[in-house]
Amino acid sequence: MKDKQLAEFFVEQRVLQPSQAEDVLGEVELNGKTVQWPGSVAGRASS
């Protein structure tokens with residue numbers, strides 16, 4: 001899932017306000033990072 005899609009999902013689920021989602025995306029871009037869905041971290045041990 002792309003960063004913007006994930007942010008929109010959190011807004012739809014009422015986890016974040018739209019302005020908070022924009023702030024998160026701005027910080028992600030500023031820091032050169034990506035937003036990852038929980039559990040999709042590379043190198044994580046599987047059960």
# chains A, B, ... in the order shown; residues from 1 in each chain; ligands from 1

$ residues_around --residues "region 33-35 of chain A" --least-positions-apart "5" --cutoff "8 Å" --atoms "only C-alpha atoms" --output "ChimeraX atom specification"
/A:2-3,6,28

$ atom_distance --atom1 "CA of Gln13 (chain A)" --atom2 "CA of Gly32 (chain A)"
25.7 Å

$ atom_distance --atom1 "CA of Trp37 (chain A)" --atom2 "CA of Glu8 (chain A)"
12.8 Å

$ select_by_dssp --residues "chain A" --states "helix (DSSP H, G or I)" --output "list of chain:residue names"
A:Asp3, A:Lys4, A:Gln5, A:Leu6, A:Ala7, A:Glu8, A:Phe9, A:Phe10, A:Val11, A:Glu12, A:Pro18, A:Ser19, A:Gln20, A:Ala21, A:Glu22, A:Asp23, A:Val24, A:Leu25, A:Gly26, A:Glu27, A:Val28, A:Glu29, A:Leu30, A:Asn31

$ atom_distance --atom1 "CA of Lys4 (chain A)" --atom2 "CA of Leu16 (chain A)"
12.9 Å

$ decode --residues "chain A" --atoms "C-alpha atoms" --output "PDB file, in the first residue's frame"
ATOM      1  CA  MET A   1       0.000   0.000   0.000  1.00  0.00           C
ATOM      2  CA  LYS A   2       1.359   3.415  -0.886  1.00  0.00           C
ATOM      3  CA  ASP A   3       1.961   6.048   1.792  1.00  0.00           C
ATOM      4  CA  LYS A   4      -0.987   8.228   0.725  1.00  0.00           C
ATOM      5  CA  GLN A   5      -3.346   5.247   0.532  1.00  0.00           C
ATOM      6  CA  LEU A   6      -2.341   4.137   4.005  1.00  0.00           C
ATOM      7  CA  ALA A   7      -2.837   7.652   5.379  1.00  0.00           C
ATOM      8  CA  GLU A   8      -6.296   7.801   3.772  1.00  0.00           C
ATOM      9  CA  PHE A   9      -7.138   4.441   5.329  1.00  0.00           C
ATOM     10  CA  PHE A  10      -6.273   5.765   8.799  1.00  0.00           C
ATOM     11  CA  VAL A  11      -8.459   8.823   8.181  1.00  0.00           C
ATOM     12  CA  GLU A  12     -11.344   6.625   6.997  1.00  0.00           C
ATOM     13  CA  GLN A  13     -10.990   4.446  10.109  1.00  0.00           C
ATOM     14  CA  ARG A  14     -10.956   7.618  12.245  1.00  0.00           C
ATOM     15  CA  VAL A  15      -7.505   6.852  13.633  1.00  0.00           C
ATOM     16  CA  LEU A  16      -6.131  10.172  12.356  1.00  0.00           C
ATOM     17  CA  GLN A  17      -7.664  13.507  11.472  1.00  0.00           C
ATOM     18  CA  PRO A  18      -6.983  14.618   7.871  1.00  0.00           C
ATOM     19  CA  SER A  19      -4.558  17.295   9.066  1.00  0.00           C
ATOM     20  CA  GLN A  20      -2.668  14.719  11.150  1.00  0.00           C
ATOM     21  CA  ALA A  21      -2.376  12.404   8.155  1.00  0.00           C
ATOM     22  CA  GLU A  22      -0.962  15.281   6.081  1.00  0.00           C
ATOM     23  CA  ASP A  23       1.553  16.012   8.858  1.00  0.00           C
ATOM     24  CA  VAL A  24       2.626  12.354   8.947  1.00  0.00           C
ATOM     25  CA  LEU A  25       3.083  12.263   5.160  1.00  0.00           C
ATOM     26  CA  GLY A  26       5.089  15.493   5.317  1.00  0.00           C
ATOM     27  CA  GLU A  27       7.399  14.066   7.986  1.00  0.00           C
ATOM     28  CA  VAL A  28       7.793  10.839   6.023  1.00  0.00           C
ATOM     29  CA  GLU A  29       8.820  12.773   2.908  1.00  0.00           C
ATOM     30  CA  LEU A  30      11.084  15.115   4.864  1.00  0.00           C
ATOM     31  CA  ASN A  31      12.931  12.213   6.491  1.00  0.00           C
ATOM     32  CA  GLY A  32      13.123  10.070   3.351  1.00  0.00           C
ATOM     33  CA  LYS A  33      11.220   7.220   4.996  1.00  0.00           C
ATOM     34  CA  THR A  34       8.207   5.156   3.959  1.00  0.00           C
ATOM     35  CA  VAL A  35       5.045   4.236   5.805  1.00  0.00           C
ATOM     36  CA  GLN A  36       4.748   0.496   6.404  1.00  0.00           C
ATOM     37  CA  TRP A  37       1.693  -1.529   7.269  1.00  0.00           C
ATOM     38  CA  PRO A  38       2.147  -3.179  10.680  1.00  0.00           C
ATOM     39  CA  GLY A  39       3.696  -6.600  10.253  1.00  0.00           C
ATOM     40  CA  SER A  40       5.359  -5.794   6.936  1.00  0.00           C
ATOM     41  CA  VAL A  41       8.750  -4.954   8.421  1.00  0.00           C
ATOM     42  CA  ALA A  42      11.543  -6.687   6.512  1.00  0.00           C
ATOM     43  CA  GLY A  43      13.524  -9.189   8.516  1.00  0.00           C
ATOM     44  CA  ARG A  44      10.790  -9.794  11.042  1.00  0.00           C
ATOM     45  CA  ALA A  45      10.673 -13.359  12.347  1.00  0.00           C
ATOM     46  CA  SER A  46       7.616 -15.274  11.218  1.00  0.00           C
ATOM     47  CA  SER A  47       5.530 -17.370  13.593  1.00  0.00           C
TER      48      SER A  47
END
